[in-house]
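See below for the structure under consideration.
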Amino acid sequence: MSEGRFREDLLYRLNTIDIKLPNLRDRREDIAILAGHFLAKLSAKYPSAPHAFSARAMEALLDHTWPGNVRELEHTIERAALLARSAEIEPDDLGLRARPDGAAAIEQMTLEEAEAHLIRRALAKHGGNVVAAAKSLGVSRSALYRRLVHHGIKAPA
């Protein structure tokens, strides 16, 4: 706006509602639905494109960390649909570098995402015991509770 490339009045019209969406990696249940939608759209556009994903390809999609969120998913599906050599999209068609253990690569995360990931992992490792998880993370119980609230992670009952 200050550079004169965006109208100030338009900014105020668009800046009415702030919608916060979690990252795609935190909404794994949406990955299959979105991937199916993008593939159906491409199948209509390119009749020779595959119309389905193999089970292993869907696993690869679910295991990927999606640092580029929905836009990365859409581009990945389009590339796979155009390059696939069979009636189904296979993992090799996706061009994803999946980790063998399926875990998100911490190097691809922001500091916020990495902290949330480590907190979830510590809670899972200690069976939801907040005191033990806090100790393993090197923070106090109250500090961990603050971070749980900050990241929107539900504390175990």
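Every chain in the structure tokens takes a letter, A first, then B, and so on in the order presented; its residues are numbered from 1, and the ligands are numbered from 1 following the presented order.
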
Check stretch 6-139 of chain A with DSSP on the backbone and list each residue it calls helix (DSSP H, G or I), as a PyMOL selection string. chain A and resi 8-14+24-26+28-45+55-63+69-83+91-94+106-108+111-125+130-137

For a test of reading the model, state the distance in Å between atom CA of A:Trp66 and atom CA of A:Gly95, rounded to one decimal. 12.7 Å

Near stretch 35-40 of chain A, within 8 Å and counting only C-alpha atoms, which residues show up once chain neighbours fewer than 3 positions away are dropped, as a list in words?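 Residues near the query, excluding close chain neighbours: Ile31, Ala32, Ser43, Ala44, Pro50, His51, Ala52, Leu73, Glu74, Ile77, Glu78 and Ala81 of chain A.
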
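For stretch 16-30 of chain A, the set of protein, DNA and RNA residues having any atom at most 7 Å away, when counting only C-alpha atoms and skipping those fewer than 2 positions along the same chain, is A:Tyr12, A:Arg13, A:Leu14, A:Ala32, A:Ile33, A:Leu34, A:Leu62, A:Thr65, A:Trp66, A:Asn69, A:Val70.
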
For A:Ala124, which residue out of A:Arg141, A:Met109, A:Pro156, A:Tyr46 is the nearest one, using only C-alpha atoms?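 Nearest candidate to A:Ala124 out of A:Arg141, A:Met109, A:Pro156, A:Tyr46: A:Pro156.
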
Tell me which protein, DNA and RNA residues are within 12 Å of A:Lys125, counting only C-alpha atoms, leaving out same-chain ones fewer than 5 positions away, and put them as a PDB file with C-alpha atoms, in the first residue's frame.
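Saved the output as out.pdb:
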```pdb
ATOM      1  CA  LEU A 118       7.594 -31.234  20.457  1.00  0.00           C
ATOM      2  CA  ILE A 119       4.912 -30.563  23.062  1.00  0.00           C
ATOM      3  CA  ARG A 120       2.516 -33.056  21.430  1.00  0.00           C
ATOM      4  CA  VAL A 130       1.794 -32.907  31.922  1.00  0.00           C
ATOM      5  CA  ALA A 132       6.462 -35.592  33.174  1.00  0.00           C
ATOM      6  CA  ALA A 133       6.171 -33.930  29.752  1.00  0.00           C
ATOM      7  CA  ALA A 134       7.163 -30.557  31.223  1.00  0.00           C
ATOM      8  CA  SER A 136      11.317 -33.814  29.735  1.00  0.00           C
ATOM      9  CA  LEU A 137      10.953 -30.514  27.857  1.00  0.00           C
TER      10      LEU A 137
END
```

Hey, what's within 12 Å of A:Ala55 if we count only C-alpha atoms and toss same-chain stuff fewer than 6 positions away? As a list of chain:residue names, please?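 Final neighbour list, sorted by chain and number: A:Ala32, A:Leu61, A:Leu62, A:Glu88, A:Ile89, A:Glu90, A:Pro91.
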
Which of chain A counts as strand (DSSP E) under DSSP, as a count of residues only please? 4
